[in-house]
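Colleague: Sharing model_18.pdb, PDB, C-alpha atoms:
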ATOM      1  CA  MET A   1      50.818 -36.374  13.998
ATOM      2  CA  ALA A   2      47.465 -37.416  15.323
ATOM      3  CA  PHE A   3      44.630 -35.381  16.766
ATOM      4  CA  SER A   4      42.179 -37.306  18.844
ATOM      5  CA  SER A   5      38.632 -36.916  17.549
ATOM      6  CA  SER A   6      38.053 -34.135  20.085
ATOM      7  CA  MET A   7      41.166 -32.180  19.138
ATOM      8  CA  TRP A   8      40.755 -31.472  15.425
ATOM      9  CA  SER A   9      41.381 -27.875  14.385
ATOM     10  CA  SER A  10      40.372 -25.978  11.216
ATOM     11  CA  LEU A  11      42.770 -24.793   8.536
ATOM     12  CA  PHE A  12      42.876 -24.119   4.824
ATOM     13  CA  VAL A  13      43.616 -26.693   2.125
ATOM     14  CA  PRO A  14      43.771 -25.685  -1.549
ATOM     15  CA  ASN A  15      42.435 -27.676  -4.446
ATOM     16  CA  PRO A  16      43.252 -26.223  -7.887
ATOM     17  CA  ASN A  17      40.340 -28.025  -9.527
ATOM     18  CA  LYS A  18      37.377 -27.174  -7.303
ATOM     19  CA  THR A  19      36.060 -24.775  -4.711
ATOM     20  CA  ASN A  20      37.389 -25.609  -1.278
ATOM     21  CA  ARG A  21      35.990 -25.384   2.240
ATOM     22  CA  PHE A  22      37.608 -25.451   5.650
ATOM     23  CA  ALA A  23      39.605 -28.597   6.364
ATOM     24  CA  THR A  24      40.746 -30.294   9.534
ATOM     25  CA  PHE A  25      44.073 -31.584  10.757
ATOM     26  CA  SER A  26      44.498 -35.253  10.028
ATOM     27  CA  PRO A  27      43.921 -37.534  13.040
ATOM     28  CA  SER A  28      47.039 -39.538  12.174
ATOM     29  CA  SER A  29      50.070 -39.233   9.952
ATOM     30  CA  HIS A  30      48.385 -41.503   7.409
ATOM     31  CA  SER A  31      44.839 -40.143   7.517
ATOM     32  CA  LYS A  32      43.299 -38.026   4.786
ATOM     33  CA  LEU A  33      42.241 -34.398   5.147
ATOM     34  CA  LEU A  34      38.469 -34.480   5.333
ATOM     35  CA  THR A  35      37.116 -31.242   3.928
ATOM     36  CA  THR A  36      38.397 -28.306   2.017
ATOM     37  CA  THR A  37      38.027 -23.933   1.613
ATOM     38  CA  PHE A  38      38.955 -21.262  -0.917
ATOM     39  CA  ALA A  39      39.220 -21.844  -4.645
ATOM     40  CA  ILE A  40      42.543 -21.015  -6.269
ATOM     41  CA  PRO A  41      41.890 -18.470  -9.031
ATOM     42  CA  PRO A  42      43.853 -17.801 -12.207
ATOM     43  CA  LEU A  43      46.613 -15.216 -11.960
ATOM     44  CA  SER A  44      44.369 -12.847 -13.918
ATOM     45  CA  THR A  45      42.265 -12.248 -10.794
ATOM     46  CA  ALA A  46      45.187 -10.342  -9.275
ATOM     47  CA  THR A  47      46.416  -7.154 -10.887
ATOM     48  CA  ALA A  48      49.984  -6.765 -12.093
ATOM     49  CA  ALA A  49      50.562  -4.186  -9.361
ATOM     50  CA  ASP A  50      49.334  -6.642  -6.732
ATOM     51  CA  VAL A  51      51.703  -9.356  -7.862
ATOM     52  CA  THR A  52      54.866  -7.352  -8.512
ATOM     53  CA  GLY A  53      54.358  -5.487  -5.255
ATOM     54  CA  ALA A  54      54.127  -8.629  -3.173
ATOM     55  CA  ILE A  55      55.837 -11.571  -4.877
ATOM     56  CA  ASP A  56      59.439 -11.995  -3.812
ATOM     57  CA  GLY A  57      61.631 -14.921  -2.847
ATOM     58  CA  THR A  58      59.450 -15.671   0.177
ATOM     59  CA  THR A  59      56.066 -14.932  -1.403
ATOM     60  CA  VAL A  60      55.135 -17.413  -4.112
ATOM     61  CA  ALA A  61      51.885 -16.871  -6.009
ATOM     62  CA  VAL A  62      49.579 -19.884  -6.150
ATOM     63  CA  ILE A  63      48.545 -19.840  -9.809
ATOM     64  CA  SER A  64      46.078 -22.019 -11.694
ATOM     65  CA  GLY A  65      47.449 -25.279 -13.087
ATOM     66  CA  GLY A  66      46.700 -24.251 -16.670
ATOM     67  CA  PHE A  67      48.664 -21.043 -16.304
ATOM     68  CA  VAL A  68      51.613 -22.945 -14.818
ATOM     69  CA  ALA A  69      51.594 -25.341 -17.751
ATOM     70  CA  GLY A  70      51.605 -22.419 -20.170
ATOM     71  CA  LEU A  71      54.752 -21.023 -18.570
ATOM     72  CA  THR A  72      56.685 -24.264 -18.399
ATOM     73  CA  ALA A  73      58.963 -23.272 -21.278
ATOM     74  CA  LEU A  74      59.802 -19.981 -19.588
ATOM     75  CA  LEU A  75      61.057 -21.671 -16.438
ATOM     76  CA  SER A  76      64.251 -22.668 -18.155
ATOM     77  CA  LEU A  77      65.000 -18.987 -18.750
ATOM     78  CA  SER A  78      65.003 -18.122 -15.045
ATOM     79  CA  ASP A  79      68.212 -18.453 -13.084
ATOM     80  CA  PRO A  80      67.310 -18.234  -9.391
ATOM     81  CA  GLU A  81      70.594 -19.822  -8.304
ATOM     82  CA  ARG A  82      72.538 -17.024  -9.977
ATOM     83  CA  ARG A  83      70.347 -14.460  -8.246
ATOM     84  CA  ARG A  84      70.903 -16.215  -4.928
ATOM     85  CA  ARG A  85      74.675 -16.191  -5.382
ATOM     86  CA  GLU A  86      74.594 -12.480  -6.181
ATOM     87  CA  GLN A  87      72.559 -11.766  -3.062
ATOM     88  CA  ALA A  88      74.999 -13.657  -0.859
ATOM     89  CA  GLU A  89      77.989 -11.911  -2.425
ATOM     90  CA  GLU A  90      76.430  -8.491  -1.810
ATOM     91  CA  VAL A  91      76.084  -9.060   1.935
ATOM     92  CA  GLY A  92      79.297 -11.047   2.240
ATOM     93  CA  GLY A  93      77.730 -14.203   3.622
ATOM     94  CA  ASP A  94      75.400 -17.137   3.165
ATOM     95  CA  ASP A  95      71.640 -17.605   3.551
ATOM     96  CA  LYS A  96      71.745 -16.460   7.153
ATOM     97  CA  GLU A  97      73.370 -13.138   6.285
ATOM     98  CA  VAL A  98      70.937 -12.609   3.400
ATOM     99  CA  VAL A  99      68.015 -13.157   5.794
ATOM    100  CA  ARG A 100      69.508 -10.890   8.450
ATOM    101  CA  GLU A 101      70.158  -8.097   5.948
ATOM    102  CA  TYR A 102      66.734  -8.358   4.308
ATOM    103  CA  PHE A 103      64.666  -8.386   7.500
ATOM    104  CA  ASN A 104      66.598  -5.497   8.989
ATOM    105  CA  ASN A 105      65.942  -3.321   5.934
ATOM    106  CA  ASN A 106      63.437  -3.574   3.047
ATOM    107  CA  GLY A 107      62.013  -6.844   4.277
ATOM    108  CA  PHE A 108      61.207  -5.381   7.686
ATOM    109  CA  GLN A 109      59.080  -2.632   6.197
ATOM    110  CA  ARG A 110      57.306  -5.046   3.835
ATOM    111  CA  TRP A 111      56.528  -7.723   6.430
ATOM    112  CA  LYS A 112      55.734  -5.262   9.213
ATOM    113  CA  LYS A 113      52.801  -4.167   7.038
ATOM    114  CA  ILE A 114      51.778  -7.727   6.220
ATOM    115  CA  TYR A 115      51.931  -8.870   9.849
ATOM    116  CA  GLY A 116      50.191  -5.722  11.069
ATOM    117  CA  ASP A 117      46.663  -4.373  10.646
ATOM    118  CA  THR A 118      47.295  -1.418   8.349
ATOM    119  CA  ASP A 119      45.059  -0.984   5.313
ATOM    120  CA  ASP A 120      48.141   0.009   3.275
ATOM    121  CA  VAL A 121      48.496  -3.435   1.694
ATOM    122  CA  ASN A 122      47.505  -4.783  -1.702
ATOM    123  CA  ARG A 123      45.342  -7.828  -2.387
ATOM    124  CA  VAL A 124      48.215 -10.292  -2.421
ATOM    125  CA  GLN A 125      49.715  -8.969   0.806
ATOM    126  CA  ARG A 126      46.310  -9.044   2.489
ATOM    127  CA  ASP A 127      45.892 -12.675   1.433
ATOM    128  CA  ILE A 128      49.331 -13.572   2.796
ATOM    129  CA  ARG A 129      48.376 -11.852   6.058
ATOM    130  CA  LEU A 130      45.340 -14.115   6.231
ATOM    131  CA  GLY A 131      47.413 -17.239   5.609
ATOM    132  CA  HIS A 132      50.017 -16.334   8.221
ATOM    133  CA  SER A 133      47.345 -15.467  10.778
ATOM    134  CA  LYS A 134      45.749 -18.892  10.229
ATOM    135  CA  THR A 135      49.117 -20.546  10.843
ATOM    136  CA  VAL A 136      49.497 -18.612  14.102
ATOM    137  CA  GLU A 137      45.908 -19.394  15.080
ATOM    138  CA  ASN A 138      46.341 -23.130  14.482
ATOM    139  CA  ALA A 139      49.697 -23.240  16.258
ATOM    140  CA  LEU A 140      48.126 -21.524  19.265
ATOM    141  CA  GLN A 141      45.258 -24.014  19.205
ATOM    142  CA  MET A 142      47.719 -26.914  19.079
ATOM    143  CA  LEU A 143      49.326 -25.562  22.235
ATOM    144  CA  LYS A 144      46.045 -24.937  24.053
ATOM    145  CA  ASP A 145      44.651 -28.373  23.156
ATOM    146  CA  GLU A 146      46.976 -29.915  25.743
ATOM    147  CA  GLY A 147      45.622 -27.721  28.563
ATOM    148  CA  SER A 148      46.297 -24.359  30.170
ATOM    149  CA  LEU A 149      49.435 -22.495  29.091
ATOM    150  CA  GLN A 150      49.784 -20.807  32.475
ATOM    151  CA  GLY A 151      53.434 -21.117  33.489
ATOM    152  CA  VAL A 152      54.383 -23.189  30.430
ATOM    153  CA  THR A 153      57.798 -22.229  29.050
ATOM    154  CA  ILE A 154      57.823 -21.625  25.304
ATOM    155  CA  CYS A 155      60.560 -20.553  22.914
ATOM    156  CA  ASP A 156      59.207 -18.685  19.885
ATOM    157  CA  ALA A 157      62.136 -19.013  17.493
ATOM    158  CA  GLY A 158      61.794 -16.538  14.635
ATOM    159  CA  CYS A 159      59.168 -14.449  16.416
ATOM    160  CA  GLY A 160      58.881 -11.703  13.793
ATOM    161  CA  THR A 161      56.733  -8.892  15.158
ATOM    162  CA  GLY A 162      55.365 -11.029  17.986
ATOM    163  CA  SER A 163      52.204 -12.350  16.314
ATOM    164  CA  LEU A 164      52.468 -15.579  18.339
ATOM    165  CA  SER A 165      54.589 -14.462  21.307
ATOM    166  CA  ILE A 166      52.101 -11.837  22.472
ATOM    167  CA  PRO A 167      49.027 -14.138  22.439
ATOM    168  CA  LEU A 168      51.090 -16.789  24.254
ATOM    169  CA  ALA A 169      51.975 -14.282  26.987
ATOM    170  CA  LYS A 170      48.298 -13.350  27.301
ATOM    171  CA  GLU A 171      47.582 -17.047  27.941
ATOM    172  CA  GLY A 172      50.040 -17.010  30.829
ATOM    173  CA  ALA A 173      52.986 -18.714  29.104
ATOM    174  CA  ILE A 174      56.574 -17.807  29.971
ATOM    175  CA  VAL A 175      57.898 -16.842  26.551
ATOM    176  CA  CYS A 176      61.387 -16.413  25.143
ATOM    177  CA  ALA A 177      61.004 -14.744  21.742
ATOM    178  CA  SER A 178      63.919 -14.499  19.337
ATOM    179  CA  ASP A 179      64.543 -13.332  15.801
ATOM    180  CA  ILE A 180      67.614 -12.872  13.616
ATOM    181  CA  SER A 181      66.384  -9.347  12.805
ATOM    182  CA  ALA A 182      66.995  -6.644  15.396
ATOM    183  CA  ALA A 183      64.320  -4.536  13.692
ATOM    184  CA  MET A 184      61.726  -7.289  14.069
ATOM    185  CA  VAL A 185      62.609  -7.843  17.729
ATOM    186  CA  ALA A 186      62.341  -4.115  18.480
ATOM    187  CA  GLU A 187      58.911  -3.984  16.830
ATOM    188  CA  ALA A 188      57.728  -7.101  18.684
ATOM    189  CA  GLU A 189      58.867  -5.671  22.015
ATOM    190  CA  LYS A 190      57.108  -2.363  21.303
ATOM    191  CA  LEU A 191      53.848  -4.107  20.433
ATOM    192  CA  ALA A 192      54.103  -6.347  23.501
ATOM    193  CA  LYS A 193      54.405  -3.328  25.803
ATOM    194  CA  GLU A 194      51.336  -1.804  24.154
ATOM    195  CA  GLN A 195      49.199  -4.949  24.230
ATOM    196  CA  LEU A 196      50.168  -6.755  27.434
ATOM    197  CA  VAL A 197      48.203  -4.529  29.769
ATOM    198  CA  SER A 198      46.734  -5.395  33.150
ATOM    199  CA  SER A 199      43.877  -7.895  33.180
ATOM    200  CA  GLU A 200      40.599  -7.448  35.039
ATOM    201  CA  ASN A 201      42.184  -8.574  38.314
ATOM    202  CA  GLY A 202      44.958  -6.029  37.884
ATOM    203  CA  VAL A 203      47.652  -8.573  37.056
ATOM    204  CA  SER A 204      49.733  -7.963  33.937
ATOM    205  CA  PRO A 205      50.872 -10.939  31.821
ATOM    206  CA  ALA A 206      54.577 -11.714  32.042
ATOM    207  CA  MET A 207      56.455  -9.809  29.341
ATOM    208  CA  PRO A 208      58.209 -12.148  26.879
ATOM    209  CA  LYS A 209      61.982 -12.101  26.935
ATOM    210  CA  PHE A 210      62.979 -10.715  23.536
ATOM    211  CA  VAL A 211      66.427 -11.499  22.134
ATOM    212  CA  VAL A 212      68.194 -10.965  18.821
ATOM    213  CA  SER A 213      69.617 -14.334  17.802
ATOM    214  CA  ASP A 214      69.835 -16.817  14.955
ATOM    215  CA  LEU A 215      68.318 -20.243  15.584
ATOM    216  CA  GLU A 216      71.621 -22.046  16.014
ATOM    217  CA  SER A 217      72.690 -19.720  18.850
ATOM    218  CA  LEU A 218      69.591 -20.242  20.997
ATOM    219  CA  ASP A 219      70.101 -22.092  24.268
ATOM    220  CA  GLY A 220      68.092 -23.133  27.291
ATOM    221  CA  LEU A 221      65.401 -25.742  27.848
ATOM    222  CA  TYR A 222      61.668 -25.194  27.278
ATOM    223  CA  ASP A 223      58.466 -27.176  27.522
ATOM    224  CA  THR A 224      57.744 -26.296  23.890
ATOM    225  CA  VAL A 225      59.668 -24.750  21.010
ATOM    226  CA  VAL A 226      57.798 -23.123  18.124
ATOM    227  CA  CYS A 227      59.303 -22.049  14.795
ATOM    228  CA  LEU A 228      56.848 -20.661  12.229
ATOM    229  CA  ASP A 229      57.558 -19.601   8.643
ATOM    230  CA  VAL A 230      61.347 -19.625   9.072
ATOM    231  CA  MET A 231      62.501 -22.765   7.273
ATOM    232  CA  ILE A 232      61.491 -21.294   3.899
ATOM    233  CA  HIS A 233      64.656 -19.170   4.067
ATOM    234  CA  TYR A 234      67.045 -22.155   4.319
ATOM    235  CA  PRO A 235      67.858 -25.246   2.194
ATOM    236  CA  GLN A 236      67.154 -28.703   3.580
ATOM    237  CA  SER A 237      70.816 -29.245   4.454
ATOM    238  CA  LYS A 238      70.666 -26.254   6.812
ATOM    239  CA  ALA A 239      67.126 -27.032   7.951
ATOM    240  CA  ASP A 240      68.215 -30.474   9.185
ATOM    241  CA  GLY A 241      70.642 -28.875  11.625
ATOM    242  CA  MET A 242      68.089 -26.269  12.687
ATOM    243  CA  ILE A 243      65.497 -28.948  13.410
ATOM    244  CA  ALA A 244      68.003 -30.933  15.440
ATOM    245  CA  HIS A 245      69.003 -27.878  17.468
ATOM    246  CA  LEU A 246      65.426 -26.751  18.102
ATOM    247  CA  ALA A 247      64.505 -30.276  19.213
ATOM    248  CA  SER A 248      67.399 -30.207  21.698
ATOM    249  CA  LEU A 249      65.813 -27.143  23.336
ATOM    250  CA  ALA A 250      62.353 -28.724  23.732
ATOM    251  CA  GLU A 251      61.313 -31.157  26.437
ATOM    252  CA  LYS A 252      57.785 -31.997  25.303
ATOM    253  CA  ARG A 253      56.796 -30.506  21.953
ATOM    254  CA  LEU A 254      58.199 -28.930  18.819
ATOM    255  CA  ILE A 255      55.878 -27.051  16.451
ATOM    256  CA  LEU A 256      57.143 -26.161  12.967
ATOM    257  CA  SER A 257      55.726 -24.683   9.791
ATOM    258  CA  PHE A 258      57.337 -24.884   6.363
ATOM    259  CA  ALA A 259      56.447 -24.420   2.708
ATOM    260  CA  PRO A 260      55.692 -27.942   1.439
ATOM    261  CA  LYS A 261      57.613 -29.283  -1.513
ATOM    262  CA  THR A 262      55.310 -30.980  -3.991
ATOM    263  CA  PHE A 263      55.441 -31.094  -7.782
ATOM    264  CA  TYR A 264      52.663 -28.492  -8.000
ATOM    265  CA  TYR A 265      54.067 -26.066  -5.407
ATOM    266  CA  ASP A 266      57.590 -26.453  -6.753
ATOM    267  CA  ALA A 267      56.345 -25.407 -10.210
ATOM    268  CA  LEU A 268      54.555 -22.427  -8.678
ATOM    269  CA  LYS A 269      57.701 -21.375  -6.846
ATOM    270  CA  ARG A 270      59.701 -21.472 -10.075
ATOM    271  CA  VAL A 271      57.052 -19.368 -11.799
ATOM    272  CA  GLY A 272      57.275 -16.888  -8.918
ATOM    273  CA  GLU A 273      61.029 -16.637  -9.451
ATOM    274  CA  LEU A 274      60.344 -15.305 -12.933
ATOM    275  CA  PHE A 275      58.795 -12.254 -11.230
ATOM    276  CA  PRO A 276      61.227 -11.320  -8.423
ATOM    277  CA  GLY A 277      59.479  -8.011  -7.642
ATOM    278  CA  PRO A 278      60.852  -4.493  -7.283
ATOM    279  CA  SER A 279      63.212  -5.220  -4.399
ATOM    280  CA  LYS A 280      65.639  -8.010  -3.673
ATOM    281  CA  ALA A 281      64.460 -10.490  -1.097
ATOM    282  CA  THR A 282      65.545 -13.683   0.605
ATOM    283  CA  ARG A 283      65.891 -17.017  -1.124
ATOM    284  CA  ALA A 284      62.911 -19.333  -0.837
ATOM    285  CA  TYR A 285      63.171 -23.075  -0.221
ATOM    286  CA  LEU A 286      60.426 -25.692  -0.182
ATOM    287  CA  HIS A 287      60.727 -28.770   2.044
ATOM    288  CA  SER A 288      59.129 -32.166   1.620
ATOM    289  CA  GLU A 289      57.297 -33.588   4.610
ATOM    290  CA  ALA A 290      59.363 -36.767   4.247
ATOM    291  CA  ASP A 291      62.615 -34.812   4.622
ATOM    292  CA  VAL A 292      61.336 -32.971   7.695
ATOM    293  CA  GLU A 293      60.097 -36.226   9.231
ATOM    294  CA  ARG A 294      63.451 -37.869   8.525
ATOM    295  CA  ALA A 295      65.303 -35.002  10.241
ATOM    296  CA  LEU A 296      63.038 -35.313  13.275
ATOM    297  CA  ARG A 297      63.400 -39.087  13.537
ATOM    298  CA  LYS A 298      67.161 -38.779  13.323
ATOM    299  CA  VAL A 299      67.115 -36.950  16.660
ATOM    300  CA  GLY A 300      64.445 -39.112  18.266
ATOM    301  CA  TRP A 301      61.278 -37.153  17.500
ATOM    302  CA  THR A 302      58.122 -38.096  15.601
ATOM    303  CA  ILE A 303      55.207 -36.191  14.072
ATOM    304  CA  LYS A 304      52.042 -36.272  16.178
ATOM    305  CA  LYS A 305      49.775 -33.736  14.424
ATOM    306  CA  LYS A 306      49.867 -32.080  11.034
ATOM    307  CA  GLY A 307      47.835 -29.946   8.673
ATOM    308  CA  LEU A 308      48.043 -27.675   5.645
ATOM    309  CA  ILE A 309      47.204 -23.969   5.644
ATOM    310  CA  ALA A 310      46.746 -22.384   2.237
ATOM    311  CA  THR A 311      45.125 -19.315   0.753
ATOM    312  CA  GLN A 312      45.516 -17.980  -2.763
ATOM    313  CA  PHE A 313      49.068 -16.704  -2.218
ATOM    314  CA  TYR A 314      50.225 -18.490   0.948
ATOM    315  CA  PHE A 315      50.747 -22.129   1.814
ATOM    316  CA  ALA A 316      52.389 -23.826   4.791
ATOM    317  CA  LYS A 317      52.547 -27.238   6.382
ATOM    318  CA  LEU A 318      52.103 -27.107  10.154
ATOM    319  CA  ILE A 319      53.325 -30.000  12.286
ATOM    320  CA  GLU A 320      53.656 -30.859  15.943
ATOM    321  CA  ALA A 321      56.397 -33.303  16.918
ATOM    322  CA  VAL A 322      57.023 -35.098  20.195
ATOM    323  CA  PRO A 323      59.857 -37.299  21.526
ATOM    324  CA  MET A 324      59.645 -40.920  20.375
TER     325      MET A 324
END
I need this file expressed as structure tokens, please.

Modeller:
Amino acid sequence: MAFSSSMWSSLFVPNPNKTNRFATFSPSSHSKLLTTTFAIPPLSTATAADVTGAIDGTTVAVISGGFVAGLTALLSLSDPERRRREQAEEVGGDDKEVVREYFNNNGFQRWKKIYGDTDDVNRVQRDIRLGHSKTVENALQMLKDEGSLQGVTICDAGCGTGSLSIPLAKEGAIVCASDISAAMVAEAEKLAKEQLVSSENGVSPAMPKFVVSDLESLDGLYDTVVCLDVMIHYPQSKADGMIAHLASLAEKRLILSFAPKTFYYDALKRVGELFPGPSKATRAYLHSEADVERALRKVGWTIKKKGLIATQFYFAKLIEAVPM
């Protein structure tokens, strides 16, 4: 994906070996990221309470390379696949049922705090909040770079508590916001009613249409479809179908975020699985950019813009795709 020189947007890029600064989206799919922000500290900079209270299947600590190397032998002792099978058996379903169950119960309470503005979060959760907010901020900027959003139809698939849907509505977009979790949708709708008040000219933004639905059941046709921080819950085999379906709903643009699969991040994820936290969570899957690009090309789409957002405990690849 390619920003023109006037359309570059800031985001985070980690470098485990040096202090980082803000970086920009690459101006083409082959261009290099230009600058960098935020050093990645050793695990010792976070307390044990911070880590065990926040690391679960969807929250992977970004730990220093030396620490990862020191735990390499321990990785063989973890059995995440067994844990995943047990989770699925408990809810009587597959990944989708695990996600639905988690985000309607313990996961809802955990992520409601992270997505919100309460001070009742630990250091790790606060850092994840920062990372997610940067993903939302950059996705919103991607959308606004093409012009006014007034009257633009947008499907926010996996809307969570409305962190993107509500700002989109404030910009004048016509938003359909969905989530597999009824609890998340109810919270998003409540926040939208509180925040979408009349503007200075007395006109209220159009309220998003909130629906409880999994991605595969969504229908309709929209100018743009956005799906942030959802693919981490599904393996690539399922993600391929999700990407194809989401692309079929979009006329002009598809914006996705996913946890990138690299040797370094994959090692960090496996370390995180050694510390599953106090409550059971969803399964976490990393996706390579090549696999995502292949899935898009298979249905006639290509990456136009891309960038990496990363803080100490959060990392996501953000892409914008358009029809070929």

Colleague: My list of candidates is A:Leu256, A:Met142, A:Val99, A:Val124. Which is closest to A:Ile180 when distances are computed with only C-alpha atoms?

Modeller: A:Val99

Colleague: Using all atoms listed in the file, which residue out of A:Thr135, A:Gln236, A:Ser163, A:Gln195 lies closest to A:Lys306?

Modeller: A:Thr135

Colleague: Do you have the atom CA of A:Ala244-atom CA of A:Asp95 distance handy?

Modeller: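 Value for the atom CA of A:Ala244-atom CA of A:Asp95 distance: 18.2 Å.
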
Colleague: I'd like to know which of A:Ser217, A:Ser204, A:Thr224, A:Ser181 is closest to A:Leu149, using all atoms listed in the file.

Modeller: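 Checking each candidate against A:Leu149, we get A:Thr224 as the closest.
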
Colleague: To test the calculation: enclose all listed atoms of stretch 168-187 of chain A in a box whose edges run along x, y and z, add 5 Å on each side, then state centre and edge lengths in Å to one decimal, as AutoDock Vina command-line options.

Modeller:
--center_x 57.6 --center_y -11.3 --center_z 21.8 --size_x 30.0 --size_y 24.7 --size_z 28.0

Colleague: May I have the residues within 9 Å of A:Tyr234 as a PyMOL selection string, using only C-alpha atoms and disregarding those fewer than 4 positions away in the same chain?

Modeller: chain A and resi 95-96+230+238-239+283-286

Colleague: For A:Val185, list every protein, DNA or RNA residue within 7 Å, evaluated using all atoms listed in the file, and leave out those in the same chain fewer than 6 positions away; present the list as JSON, numbers by chain.

Modeller: {"A": [160, 161, 178, 179, 210, 211, 212]}

Colleague: Considering all atoms listed in the file, return as number ranges by chain whatever protein or nucleic-acid residues lie within 10 Å of A:Leu296, sequence-local ones (same chain, fewer than 2 positions apart) excluded.

Modeller: A: 240, 243-244, 247, 254, 290-294, 298-303, 321-324

Colleague: Can you write out the residues you just picked, keeping C-alpha atoms, as a PDB file, in the frame of the given file?

Modeller:
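Result file selection27.pdb:
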ATOM      1  CA  ASP A 240      68.215 -30.474   9.185  1.00  0.00           C
ATOM      2  CA  ILE A 243      65.497 -28.948  13.410  1.00  0.00           C
ATOM      3  CA  ALA A 244      68.003 -30.933  15.440  1.00  0.00           C
ATOM      4  CA  ALA A 247      64.505 -30.276  19.213  1.00  0.00           C
ATOM      5  CA  LEU A 254      58.199 -28.930  18.819  1.00  0.00           C
ATOM      6  CA  ALA A 290      59.363 -36.767   4.247  1.00  0.00           C
ATOM      7  CA  ASP A 291      62.615 -34.812   4.622  1.00  0.00           C
ATOM      8  CA  VAL A 292      61.336 -32.971   7.695  1.00  0.00           C
ATOM      9  CA  GLU A 293      60.097 -36.226   9.231  1.00  0.00           C
ATOM     10  CA  ARG A 294      63.451 -37.869   8.525  1.00  0.00           C
ATOM     11  CA  LYS A 298      67.161 -38.779  13.323  1.00  0.00           C
ATOM     12  CA  VAL A 299      67.115 -36.950  16.660  1.00  0.00           C
ATOM     13  CA  GLY A 300      64.445 -39.112  18.266  1.00  0.00           C
ATOM     14  CA  TRP A 301      61.278 -37.153  17.500  1.00  0.00           C
ATOM     15  CA  THR A 302      58.122 -38.096  15.601  1.00  0.00           C
ATOM     16  CA  ILE A 303      55.207 -36.191  14.072  1.00  0.00           C
ATOM     17  CA  ALA A 321      56.397 -33.303  16.918  1.00  0.00           C
ATOM     18  CA  VAL A 322      57.023 -35.098  20.195  1.00  0.00           C
ATOM     19  CA  PRO A 323      59.857 -37.299  21.526  1.00  0.00           C
ATOM     20  CA  MET A 324      59.645 -40.920  20.375  1.00  0.00           C
TER      21      MET A 324
END

Colleague: Which residue out of A:Gly162, A:Pro208, A:Gly172, A:Pro235 has the minimum interatomic distance to A:Gly147 when all atoms listed in the file are used?

Modeller: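 Looking only at the distances to A:Gly147, the closest residue turns out to be A:Gly172.
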
Colleague: Restricting the calculation to all atoms listed in the file: of A:Leu140, A:Asp214, A:His245, A:Trp111, which residue gets closest to A:Glu187?

Modeller: A:Trp111

Colleague: Take the point (54.5, -24.8, 5.6) as written in the file and pick out every residue within 7 Å of it, counting only C-alpha atoms; give the list as a list in words.

Modeller: Asp229, Ser257, Phe258, Ala259, Pro260, Phe315, Ala316, Lys317 and Leu318 of chain A

Colleague: Do you have the atom CA of A:Asp117-atom CA of A:Leu215 distance handy?

Modeller: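 Distance reported for this atom pair: 27.3 Å.
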
Colleague: Rounded to one decimal in Å, what is the spacing between atom CA of A:Thr153 and atom CA of A:Ala173?

Modeller: 6.0 Å

Colleague: Give me the residues near A:Ile166 as a VMD selection string, where near means some atom within 10 Å (using only C-alpha atoms) and where sequence neighbours in that chain fewer than 5 positions away do not count.

Modeller: chain A and resid 159 161 171 173 175 177 188 to 189 191 to 193 195 to 196 205 to 208

Colleague: Export C-alpha atoms of the chosen residues as a PDB file, in the coordinates of the input?

Modeller:
ATOM      1  CA  CYS A 159      59.168 -14.449  16.416  1.00  0.00           C
ATOM      2  CA  THR A 161      56.733  -8.892  15.158  1.00  0.00           C
ATOM      3  CA  GLU A 171      47.582 -17.047  27.941  1.00  0.00           C
ATOM      4  CA  ALA A 173      52.986 -18.714  29.104  1.00  0.00           C
ATOM      5  CA  VAL A 175      57.898 -16.842  26.551  1.00  0.00           C
ATOM      6  CA  ALA A 177      61.004 -14.744  21.742  1.00  0.00           C
ATOM      7  CA  ALA A 188      57.728  -7.101  18.684  1.00  0.00           C
ATOM      8  CA  GLU A 189      58.867  -5.671  22.015  1.00  0.00           C
ATOM      9  CA  LEU A 191      53.848  -4.107  20.433  1.00  0.00           C
ATOM     10  CA  ALA A 192      54.103  -6.347  23.501  1.00  0.00           C
ATOM     11  CA  LYS A 193      54.405  -3.328  25.803  1.00  0.00           C
ATOM     12  CA  GLN A 195      49.199  -4.949  24.230  1.00  0.00           C
ATOM     13  CA  LEU A 196      50.168  -6.755  27.434  1.00  0.00           C
ATOM     14  CA  PRO A 205      50.872 -10.939  31.821  1.00  0.00           C
ATOM     15  CA  ALA A 206      54.577 -11.714  32.042  1.00  0.00           C
ATOM     16  CA  MET A 207      56.455  -9.809  29.341  1.00  0.00           C
ATOM     17  CA  PRO A 208      58.209 -12.148  26.879  1.00  0.00           C
TER      18      PRO A 208
END

Colleague: Which of these, A:Lys144, A:Lys209, A:Lys113, A:His233, has the shortest distance to A:Ser165 once you count only C-alpha atoms?

Modeller: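 Selected residue with least distance to A:Ser165: A:Lys209.
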
Colleague: So that I can see what lies close to A:Ser133, please list as a ChimeraX atom specification the residues with an atom at most 12 Å from it, counting all atoms listed in the file and leaving out residues fewer than 5 positions away in the same chain.

Modeller: /A:11-12,114-117,126-128,138-140,162-164,167,228-229,309-311,314-316
